[in-house]
Structures are given as structure tokens and as C-alpha cells.
file model.cif (mmCIF, N, CA and C atoms)
data_my_file
#
loop_
_atom_site.label_atom_id
_atom_site.label_comp_id
_atom_site.auth_asym_id
_atom_site.auth_seq_id
_atom_site.Cartn_x
_atom_site.Cartn_y
_atom_site.Cartn_z
N MET A 1 -3.31 8.93 -1.07
CA MET A 1 -4.71 8.65 -1.27
C MET A 1 -5.49 9.20 -0.08
N ALA A 2 -6.51 9.97 -0.33
CA ALA A 2 -7.30 10.57 0.75
C ALA A 2 -8.38 9.61 1.24
N TYR A 3 -8.62 9.66 2.51
CA TYR A 3 -9.67 8.83 3.11
C TYR A 3 -11.02 9.34 2.65
N THR A 4 -11.84 8.46 2.10
CA THR A 4 -13.12 8.87 1.53
C THR A 4 -14.31 8.37 2.32
N GLY A 5 -14.08 7.71 3.43
CA GLY A 5 -15.17 7.16 4.21
C GLY A 5 -15.31 5.65 4.01
N ASP A 6 -14.72 5.11 2.96
CA ASP A 6 -14.74 3.67 2.74
C ASP A 6 -13.53 3.08 3.48
N TYR A 7 -13.79 2.20 4.42
CA TYR A 7 -12.70 1.67 5.24
C TYR A 7 -11.64 0.96 4.41
N ARG A 8 -11.99 0.50 3.23
CA ARG A 8 -11.00 -0.20 2.40
C ARG A 8 -9.88 0.73 1.95
N TYR A 9 -10.23 1.97 1.63
CA TYR A 9 -9.20 2.94 1.23
C TYR A 9 -8.28 3.25 2.41
N ARG A 10 -8.88 3.40 3.58
CA ARG A 10 -8.07 3.68 4.77
C ARG A 10 -7.18 2.48 5.09
N LEU A 11 -7.72 1.30 4.91
CA LEU A 11 -6.94 0.08 5.13
C LEU A 11 -5.73 0.04 4.20
N MET A 12 -5.93 0.39 2.93
CA MET A 12 -4.81 0.42 1.98
C MET A 12 -3.75 1.44 2.41
N GLU A 13 -4.20 2.62 2.87
CA GLU A 13 -3.25 3.63 3.33
C GLU A 13 -2.41 3.12 4.48
N ILE A 14 -3.08 2.54 5.47
CA ILE A 14 -2.38 2.08 6.67
C ILE A 14 -1.44 0.92 6.35
N ILE A 15 -1.90 -0.01 5.55
CA ILE A 15 -1.04 -1.14 5.17
C ILE A 15 0.16 -0.63 4.38
N GLY A 16 -0.04 0.38 3.54
CA GLY A 16 1.05 0.95 2.75
C GLY A 16 2.14 1.58 3.60
N MET A 17 1.80 1.97 4.84
CA MET A 17 2.79 2.58 5.74
C MET A 17 3.57 1.53 6.53
N GLN A 18 3.21 0.26 6.37
CA GLN A 18 3.85 -0.80 7.15
C GLN A 18 5.00 -1.44 6.36
N ASP A 19 5.92 -2.01 7.09
CA ASP A 19 7.02 -2.74 6.46
C ASP A 19 6.61 -4.16 6.08
N GLU A 20 5.51 -4.61 6.64
CA GLU A 20 5.02 -5.97 6.39
C GLU A 20 4.18 -6.03 5.12
N SER A 21 4.15 -7.17 4.48
CA SER A 21 3.28 -7.37 3.32
C SER A 21 1.86 -7.64 3.81
N MET A 22 0.90 -7.48 2.90
CA MET A 22 -0.49 -7.79 3.26
C MET A 22 -0.62 -9.24 3.68
N ASN A 23 0.09 -10.13 3.00
CA ASN A 23 0.02 -11.55 3.35
C ASN A 23 0.50 -11.80 4.77
N ASN A 24 1.64 -11.20 5.12
CA ASN A 24 2.16 -11.39 6.49
C ASN A 24 1.24 -10.77 7.53
N LEU A 25 0.66 -9.60 7.23
CA LEU A 25 -0.27 -8.98 8.17
C LEU A 25 -1.53 -9.83 8.34
N SER A 26 -1.99 -10.43 7.25
CA SER A 26 -3.16 -11.32 7.34
C SER A 26 -2.87 -12.49 8.28
N LEU A 27 -1.70 -13.07 8.13
CA LEU A 27 -1.32 -14.19 8.99
C LEU A 27 -1.14 -13.75 10.44
N THR A 28 -0.66 -12.52 10.64
CA THR A 28 -0.45 -11.98 11.98
C THR A 28 -1.77 -11.90 12.75
N ILE A 29 -2.87 -11.64 12.05
CA ILE A 29 -4.17 -11.55 12.73
C ILE A 29 -4.95 -12.86 12.64
N ASN A 30 -4.22 -13.94 12.35
CA ASN A 30 -4.80 -15.29 12.31
C ASN A 30 -5.88 -15.47 11.26
N ARG A 31 -5.66 -14.88 10.09
CA ARG A 31 -6.55 -15.05 8.95
C ARG A 31 -5.72 -15.66 7.82
N GLY A 32 -6.39 -16.07 6.76
CA GLY A 32 -5.68 -16.63 5.62
C GLY A 32 -4.74 -15.61 5.00
N HIS A 33 -3.74 -16.09 4.26
CA HIS A 33 -2.71 -15.20 3.74
C HIS A 33 -3.25 -14.11 2.81
N SER A 34 -4.37 -14.35 2.14
CA SER A 34 -4.90 -13.36 1.20
C SER A 34 -6.06 -12.55 1.77
N PHE A 35 -6.32 -12.68 3.06
CA PHE A 35 -7.48 -12.03 3.68
C PHE A 35 -7.52 -10.52 3.41
N LEU A 36 -6.47 -9.80 3.73
CA LEU A 36 -6.49 -8.34 3.57
C LEU A 36 -6.62 -7.94 2.10
N SER A 37 -5.98 -8.68 1.22
CA SER A 37 -6.12 -8.41 -0.20
C SER A 37 -7.57 -8.63 -0.64
N ASP A 38 -8.18 -9.69 -0.15
CA ASP A 38 -9.58 -9.97 -0.48
C ASP A 38 -10.51 -8.88 0.06
N VAL A 39 -10.21 -8.35 1.24
CA VAL A 39 -11.02 -7.27 1.81
C VAL A 39 -10.90 -6.03 0.93
N ILE A 40 -9.70 -5.65 0.60
CA ILE A 40 -9.47 -4.44 -0.20
C ILE A 40 -10.12 -4.57 -1.57
N ASN A 41 -10.10 -5.77 -2.13
CA ASN A 41 -10.67 -5.99 -3.46
C ASN A 41 -12.13 -6.40 -3.43
N ARG A 42 -12.78 -6.19 -2.27
CA ARG A 42 -14.22 -6.41 -2.09
C ARG A 42 -14.67 -7.85 -2.30
N ARG A 43 -13.77 -8.79 -2.11
CA ARG A 43 -14.15 -10.20 -2.19
C ARG A 43 -14.56 -10.72 -0.82
N GLN A 44 -14.27 -9.95 0.21
CA GLN A 44 -14.55 -10.35 1.58
C GLN A 44 -14.73 -9.08 2.41
N ASN A 45 -15.50 -9.20 3.49
CA ASN A 45 -15.67 -8.07 4.41
C ASN A 45 -14.80 -8.27 5.63
N MET A 46 -14.48 -7.17 6.28
CA MET A 46 -13.66 -7.22 7.49
C MET A 46 -14.57 -7.01 8.69
N ARG A 47 -14.47 -7.91 9.66
CA ARG A 47 -15.23 -7.76 10.90
C ARG A 47 -14.50 -6.79 11.82
N VAL A 48 -15.24 -6.22 12.74
CA VAL A 48 -14.65 -5.27 13.68
C VAL A 48 -13.55 -5.93 14.50
N ASP A 49 -13.75 -7.18 14.91
CA ASP A 49 -12.70 -7.83 15.71
C ASP A 49 -11.43 -8.06 14.89
N ASP A 50 -11.56 -8.27 13.57
CA ASP A 50 -10.37 -8.36 12.71
C ASP A 50 -9.65 -7.02 12.66
N LEU A 51 -10.43 -5.95 12.57
CA LEU A 51 -9.83 -4.61 12.54
C LEU A 51 -9.11 -4.33 13.86
N GLU A 52 -9.73 -4.73 14.96
CA GLU A 52 -9.08 -4.54 16.27
C GLU A 52 -7.76 -5.31 16.33
N LYS A 53 -7.76 -6.54 15.83
CA LYS A 53 -6.53 -7.35 15.83
C LYS A 53 -5.46 -6.70 14.96
N LEU A 54 -5.88 -6.20 13.80
CA LEU A 54 -4.92 -5.55 12.91
C LEU A 54 -4.31 -4.33 13.58
N CYS A 55 -5.15 -3.49 14.17
CA CYS A 55 -4.65 -2.28 14.83
C CYS A 55 -3.69 -2.65 15.95
N LYS A 56 -4.01 -3.69 16.69
CA LYS A 56 -3.12 -4.13 17.77
C LYS A 56 -1.80 -4.64 17.19
N ALA A 57 -1.88 -5.41 16.11
CA ALA A 57 -0.68 -5.99 15.50
C ALA A 57 0.27 -4.92 14.97
N ILE A 58 -0.28 -3.86 14.42
CA ILE A 58 0.60 -2.82 13.86
C ILE A 58 0.76 -1.65 14.82
N LYS A 59 0.26 -1.85 16.03
CA LYS A 59 0.47 -0.90 17.13
C LYS A 59 -0.08 0.50 16.85
N ILE A 60 -1.35 0.52 16.40
CA ILE A 60 -2.04 1.80 16.26
C ILE A 60 -3.34 1.72 17.04
N ASP A 61 -3.82 2.85 17.49
CA ASP A 61 -5.10 2.93 18.17
C ASP A 61 -6.21 2.76 17.15
N LEU A 62 -7.27 2.08 17.53
CA LEU A 62 -8.38 1.86 16.61
C LEU A 62 -8.91 3.19 16.07
N GLN A 63 -8.93 4.21 16.90
CA GLN A 63 -9.42 5.52 16.46
C GLN A 63 -8.56 6.07 15.33
N TYR A 64 -7.27 5.79 15.32
CA TYR A 64 -6.39 6.25 14.25
C TYR A 64 -6.87 5.73 12.89
N PHE A 65 -7.43 4.53 12.89
CA PHE A 65 -7.94 3.96 11.65
C PHE A 65 -9.01 4.86 11.04
N PHE A 66 -9.77 5.54 11.89
CA PHE A 66 -10.88 6.36 11.41
C PHE A 66 -10.53 7.83 11.25
N GLU A 67 -9.27 8.19 11.47
CA GLU A 67 -8.86 9.57 11.25
C GLU A 67 -9.02 9.92 9.79
N LYS A 68 -9.23 11.17 9.55
CA LYS A 68 -9.29 11.67 8.18
C LYS A 68 -8.02 12.49 7.94
N PRO A 69 -7.01 11.90 7.35
CA PRO A 69 -5.74 12.59 7.16
C PRO A 69 -5.88 13.90 6.40
N VAL A 70 -6.84 13.98 5.49
CA VAL A 70 -7.04 15.19 4.69
C VAL A 70 -7.39 16.36 5.59
N ASP A 71 -8.17 16.11 6.64
CA ASP A 71 -8.62 17.16 7.54
C ASP A 71 -7.69 17.34 8.73
N GLY A 72 -6.54 16.76 8.69
CA GLY A 72 -5.58 16.92 9.78
C GLY A 72 -5.97 16.16 11.02
N ASP A 73 -6.42 16.86 12.05
CA ASP A 73 -6.64 16.25 13.35
C ASP A 73 -8.07 15.76 13.56
N THR A 74 -8.89 15.73 12.53
CA THR A 74 -10.28 15.28 12.68
C THR A 74 -10.29 13.78 12.91
N ARG A 75 -11.03 13.36 13.92
CA ARG A 75 -11.12 11.94 14.26
C ARG A 75 -12.57 11.49 14.25
N CYS A 76 -12.75 10.21 14.20
CA CYS A 76 -14.07 9.63 14.28
C CYS A 76 -14.71 10.04 15.60
N SER A 77 -15.97 10.44 15.56
CA SER A 77 -16.61 10.89 16.79
C SER A 77 -16.76 9.72 17.77
N GLN A 78 -16.81 10.06 19.04
CA GLN A 78 -16.97 9.05 20.08
C GLN A 78 -18.26 8.26 19.89
N THR A 79 -19.30 8.91 19.40
CA THR A 79 -20.57 8.22 19.15
C THR A 79 -20.38 7.10 18.14
N TYR A 80 -19.65 7.38 17.05
CA TYR A 80 -19.41 6.35 16.04
C TYR A 80 -18.56 5.21 16.60
N ILE A 81 -17.56 5.55 17.40
CA ILE A 81 -16.73 4.51 18.00
C ILE A 81 -17.59 3.60 18.86
N GLU A 82 -18.47 4.18 19.67
CA GLU A 82 -19.36 3.38 20.52
C GLU A 82 -20.29 2.52 19.67
N LEU A 83 -20.80 3.09 18.57
CA LEU A 83 -21.66 2.30 17.67
C LEU A 83 -20.91 1.11 17.10
N ILE A 84 -19.66 1.32 16.73
CA ILE A 84 -18.86 0.24 16.16
C ILE A 84 -18.70 -0.89 17.17
N TYR A 85 -18.38 -0.54 18.41
CA TYR A 85 -18.20 -1.58 19.43
C TYR A 85 -19.50 -2.31 19.71
N GLU A 86 -20.62 -1.61 19.72
CA GLU A 86 -21.90 -2.27 19.94
C GLU A 86 -22.30 -3.12 18.73
N ALA A 87 -22.01 -2.59 17.53
CA ALA A 87 -22.42 -3.27 16.31
C ALA A 87 -21.71 -4.61 16.15
N LYS A 88 -20.52 -4.74 16.70
CA LYS A 88 -19.81 -6.01 16.52
C LYS A 88 -20.50 -7.14 17.27
N LYS A 89 -21.45 -6.81 18.14
CA LYS A 89 -22.23 -7.83 18.85
C LYS A 89 -23.44 -8.28 18.02
N CYS A 90 -23.70 -7.56 16.91
CA CYS A 90 -24.90 -7.79 16.12
C CYS A 90 -24.61 -8.68 14.92
N ASP A 91 -25.69 -9.07 14.25
CA ASP A 91 -25.51 -9.87 13.04
C ASP A 91 -25.10 -8.97 11.87
N GLU A 92 -24.71 -9.59 10.79
CA GLU A 92 -24.15 -8.87 9.64
C GLU A 92 -25.15 -7.91 9.00
N VAL A 93 -26.43 -8.29 8.96
CA VAL A 93 -27.45 -7.44 8.34
C VAL A 93 -27.61 -6.14 9.13
N LEU A 94 -27.67 -6.24 10.46
CA LEU A 94 -27.79 -5.06 11.28
C LEU A 94 -26.53 -4.19 11.17
N LEU A 95 -25.38 -4.82 11.16
CA LEU A 95 -24.12 -4.08 11.03
C LEU A 95 -24.09 -3.31 9.71
N LYS A 96 -24.51 -3.95 8.63
CA LYS A 96 -24.54 -3.26 7.33
C LYS A 96 -25.50 -2.08 7.38
N SER A 97 -26.63 -2.23 8.03
CA SER A 97 -27.58 -1.13 8.16
C SER A 97 -26.98 0.04 8.92
N VAL A 98 -26.26 -0.26 10.00
CA VAL A 98 -25.62 0.79 10.79
C VAL A 98 -24.57 1.51 9.96
N LEU A 99 -23.75 0.75 9.23
CA LEU A 99 -22.72 1.36 8.39
C LEU A 99 -23.33 2.22 7.29
N ASP A 100 -24.42 1.75 6.69
CA ASP A 100 -25.11 2.54 5.67
C ASP A 100 -25.63 3.85 6.26
N MET A 101 -26.16 3.78 7.47
CA MET A 101 -26.66 4.97 8.14
C MET A 101 -25.52 5.98 8.37
N ILE A 102 -24.37 5.47 8.80
CA ILE A 102 -23.22 6.34 9.03
C ILE A 102 -22.77 6.98 7.72
N LYS A 103 -22.72 6.21 6.64
CA LYS A 103 -22.32 6.76 5.34
C LYS A 103 -23.29 7.85 4.89
N ARG A 104 -24.60 7.59 5.04
CA ARG A 104 -25.59 8.60 4.65
C ARG A 104 -25.42 9.87 5.48
N ASN A 105 -25.22 9.69 6.78
CA ASN A 105 -25.04 10.84 7.67
C ASN A 105 -23.79 11.64 7.28
N ASN A 106 -22.69 10.94 7.00
CA ASN A 106 -21.47 11.62 6.58
C ASN A 106 -21.67 12.37 5.28
N HIS A 107 -22.41 11.74 4.36
CA HIS A 107 -22.67 12.38 3.07
C HIS A 107 -23.48 13.65 3.27
N LEU A 108 -24.51 13.59 4.11
CA LEU A 108 -25.36 14.75 4.36
C LEU A 108 -24.59 15.87 5.05
N MET A 109 -23.59 15.49 5.86
CA MET A 109 -22.80 16.49 6.58
C MET A 109 -21.60 16.97 5.76
N GLY A 110 -21.46 16.42 4.54
CA GLY A 110 -20.37 16.85 3.65
C GLY A 110 -19.02 16.30 4.01
N LYS A 111 -18.98 15.15 4.66
CA LYS A 111 -17.70 14.55 5.06
C LYS A 111 -17.28 13.51 4.07
#
call {"tool": "encode", "arguments": {"input": "model.cif", "output": "C-alpha cells"}}
result
Amino acid sequence: MAYTGDYRYRLMEIIGMQDESMNNLSLTINRGHSFLSDVINRRQNMRVDDLEKLCKAIKIDLQYFFEKPVDGDTRCSQTYIELIYEAKKCDEVLLKSVLDMIKRNNHLMGK
């Protein structure tokens, strides 16, 4: 499955490469057993700190989460990484606005 810019697809790819089940990974990051399944199925959103915990638990760099496997070595720009870290300090409405802006920008740039 190719990364399309929706973090849920990338989450499914990364979880699919693990030996652990989604339920066990959810518990590993101190969330309910169905947390990751709920995120993937759009019943719940994932906070940046949850993503950081997941990346730490499965021993990958946060930037790896944003790689585009289809494009080989293309990685999330440093600007976006900085935005993500700053956005986690904000409320959910502002975070959604920032993510929408990034999606629009990616769409305009053909990514």
C-alpha cells in the first residue's frame, strides 16, 4: 500500500511490518486495546504524543513515519516536522487547521 498523505495508511503499513498485534501495540503505548484499530478506522484521532510513543515502542524514528516509500528516500521536510512538534502544544482545532494546510500544500505540489 502506498503512502497517500493520510497518516492512517502509513500507520497501517508500519503496523503491518511489526510482529505485534494492533491490540498489543495499543497497550504498549498505554492506550486501550482497540486504540490503533479505532484510529485506522476513523473512530478516533491519534495525538502527536501517541505517535511519538508508538515510534519509540517499535524503535523507529518519528521521521520514518512520514517517509514516502513510493518515492524512495523522500522524507518529511524539516519544516513540517517542526510544525508537528509545535502543533502538539495547540488545541485540536488549531492542529486540524495546520494538518489541512499541509494536505492542501501537498496536493498543490503534487505529492
call {"tool": "axis_aligned_box", "arguments": {"input": "model.cif", "around": "range 8-23 of chain A", "padding_each_side": "4 Å", "output": "JSON"}}
result
{"center_x": -2.5, "center_y": -4.1, "center_z": 4.2, "size_x": 27.0, "size_y": 23.5, "size_z": 13.9}
call {"tool": "closest_residue", "arguments": {"input": "model.cif", "among": "A:Ile40, A:Ile29, A:Val93, A:Met22", "to": "Tyr9 in chain A", "atoms": "all atoms listed in the file"}}
result
A:Ile40
call {"tool": "residues_around", "arguments": {"input": "model.cif", "residues": "Asn45 in chain A", "least_positions_apart": "3", "cutoff": "12 Å", "atoms": "only C-alpha atoms", "output": "number ranges by chain"}}
result
A: 6-8, 11, 35-42, 48-51, 92, 95-96
call {"tool": "atom_distance", "arguments": {"input": "model.cif", "atom1": "CA of Ile15 in chain A", "atom2": "CA of Ala57 in chain A"}}
result
11.4 Å
call {"tool": "residues_around", "arguments": {"input": "model.cif", "residues": "Glu52 in chain A", "least_positions_apart": "6", "cutoff": "8 Å", "atoms": "only N, CA and C atoms", "output": "ChimeraX atom specification"}}
result
/A:58,61-62
call {"tool": "residues_around", "arguments": {"input": "model.cif", "residues": "Phe65 in chain A", "least_positions_apart": "5", "cutoff": "8 Å", "atoms": "all atoms listed in the file", "output": "list in words"}}
result
Tyr7, Arg10, Leu11, Ile14, Cys55, Ile60 and Cys76 of chain A
call {"tool": "atom_distance", "arguments": {"input": "model.cif", "atom1": "CA of Gly16 in chain A", "atom2": "CA of Gln44 in chain A"}}
result
19.3 Å
call {"tool": "atom_distance", "arguments": {"input": "model.cif", "atom1": "atom N of Asp19 in chain A", "atom2": "atom N of Gln63 in chain A"}}
result
18.9 Å
call {"tool": "build_atoms", "arguments": {"input": "model.cif", "residues": "range 44-55 of chain A", "atoms": "all heavy atoms", "output": "compact mmCIF listing (two decimals), in the coordinates of the input"}}
result
# COMPACT_ATOMS: atom_id res chain seq x y z
N GLN A 44 -14.27 -9.95 0.21
CA GLN A 44 -14.55 -10.35 1.58
C GLN A 44 -14.73 -9.08 2.41
O GLN A 44 -14.20 -8.04 2.08
CB GLN A 44 -13.37 -11.17 2.12
CG GLN A 44 -13.66 -11.86 3.41
CD GLN A 44 -12.63 -12.94 3.70
OE1 GLN A 44 -11.87 -13.35 2.83
NE2 GLN A 44 -12.61 -13.41 4.92
N ASN A 45 -15.50 -9.20 3.49
CA ASN A 45 -15.67 -8.07 4.41
C ASN A 45 -14.80 -8.27 5.63
O ASN A 45 -14.47 -9.39 5.99
CB ASN A 45 -17.13 -7.93 4.83
CG ASN A 45 -17.99 -7.42 3.71
OD1 ASN A 45 -17.60 -6.52 2.98
ND2 ASN A 45 -19.16 -8.01 3.55
N MET A 46 -14.48 -7.17 6.28
CA MET A 46 -13.66 -7.22 7.49
C MET A 46 -14.57 -7.01 8.69
O MET A 46 -15.35 -6.07 8.72
CB MET A 46 -12.59 -6.14 7.44
CG MET A 46 -11.62 -6.19 8.58
SD MET A 46 -10.29 -5.00 8.29
CE MET A 46 -8.90 -5.94 8.87
N ARG A 47 -14.47 -7.91 9.66
CA ARG A 47 -15.23 -7.76 10.90
C ARG A 47 -14.50 -6.79 11.82
O ARG A 47 -13.29 -6.57 11.69
CB ARG A 47 -15.39 -9.11 11.59
CG ARG A 47 -16.15 -10.13 10.77
CD ARG A 47 -16.36 -11.41 11.55
NE ARG A 47 -15.21 -11.76 12.35
CZ ARG A 47 -14.63 -12.95 12.38
NH1 ARG A 47 -15.10 -13.92 11.62
NH2 ARG A 47 -13.60 -13.19 13.15
N VAL A 48 -15.24 -6.22 12.74
CA VAL A 48 -14.65 -5.27 13.68
C VAL A 48 -13.55 -5.93 14.50
O VAL A 48 -12.50 -5.34 14.73
CB VAL A 48 -15.73 -4.65 14.59
CG1 VAL A 48 -15.10 -3.76 15.65
CG2 VAL A 48 -16.72 -3.85 13.77
N ASP A 49 -13.75 -7.18 14.91
CA ASP A 49 -12.70 -7.83 15.71
C ASP A 49 -11.43 -8.06 14.89
O ASP A 49 -10.33 -7.99 15.43
CB ASP A 49 -13.20 -9.12 16.37
CG ASP A 49 -13.69 -10.16 15.40
OD1 ASP A 49 -14.28 -9.80 14.37
OD2 ASP A 49 -13.49 -11.36 15.68
N ASP A 50 -11.56 -8.27 13.57
CA ASP A 50 -10.37 -8.36 12.71
C ASP A 50 -9.65 -7.02 12.66
O ASP A 50 -8.42 -6.95 12.71
CB ASP A 50 -10.75 -8.77 11.28
CG ASP A 50 -11.21 -10.20 11.18
OD1 ASP A 50 -10.70 -11.05 11.93
OD2 ASP A 50 -12.09 -10.48 10.34
N LEU A 51 -10.43 -5.95 12.57
CA LEU A 51 -9.83 -4.61 12.54
C LEU A 51 -9.11 -4.33 13.86
O LEU A 51 -8.01 -3.79 13.87
CB LEU A 51 -10.91 -3.56 12.28
CG LEU A 51 -10.43 -2.12 12.24
CD1 LEU A 51 -9.35 -1.92 11.20
CD2 LEU A 51 -11.61 -1.20 11.95
N GLU A 52 -9.73 -4.73 14.96
CA GLU A 52 -9.08 -4.54 16.27
C GLU A 52 -7.76 -5.31 16.33
O GLU A 52 -6.76 -4.78 16.81
CB GLU A 52 -10.01 -4.99 17.39
CG GLU A 52 -11.20 -4.08 17.60
CD GLU A 52 -12.20 -4.64 18.58
OE1 GLU A 52 -12.33 -5.89 18.69
OE2 GLU A 52 -12.86 -3.83 19.24
N LYS A 53 -7.76 -6.54 15.83
CA LYS A 53 -6.53 -7.35 15.83
C LYS A 53 -5.46 -6.70 14.96
O LYS A 53 -4.28 -6.68 15.33
CB LYS A 53 -6.82 -8.76 15.33
CG LYS A 53 -7.60 -9.62 16.28
CD LYS A 53 -7.88 -10.97 15.63
CE LYS A 53 -8.88 -11.77 16.41
NZ LYS A 53 -9.23 -13.03 15.71
N LEU A 54 -5.88 -6.20 13.80
CA LEU A 54 -4.92 -5.55 12.91
C LEU A 54 -4.31 -4.33 13.58
O LEU A 54 -3.09 -4.14 13.56
CB LEU A 54 -5.58 -5.15 11.58
CG LEU A 54 -4.67 -4.40 10.62
CD1 LEU A 54 -3.54 -5.29 10.12
CD2 LEU A 54 -5.47 -3.84 9.46
N CYS A 55 -5.15 -3.49 14.17
CA CYS A 55 -4.65 -2.28 14.83
C CYS A 55 -3.69 -2.65 15.95
O CYS A 55 -2.64 -2.01 16.11
CB CYS A 55 -5.81 -1.45 15.36
SG CYS A 55 -6.76 -0.64 14.05
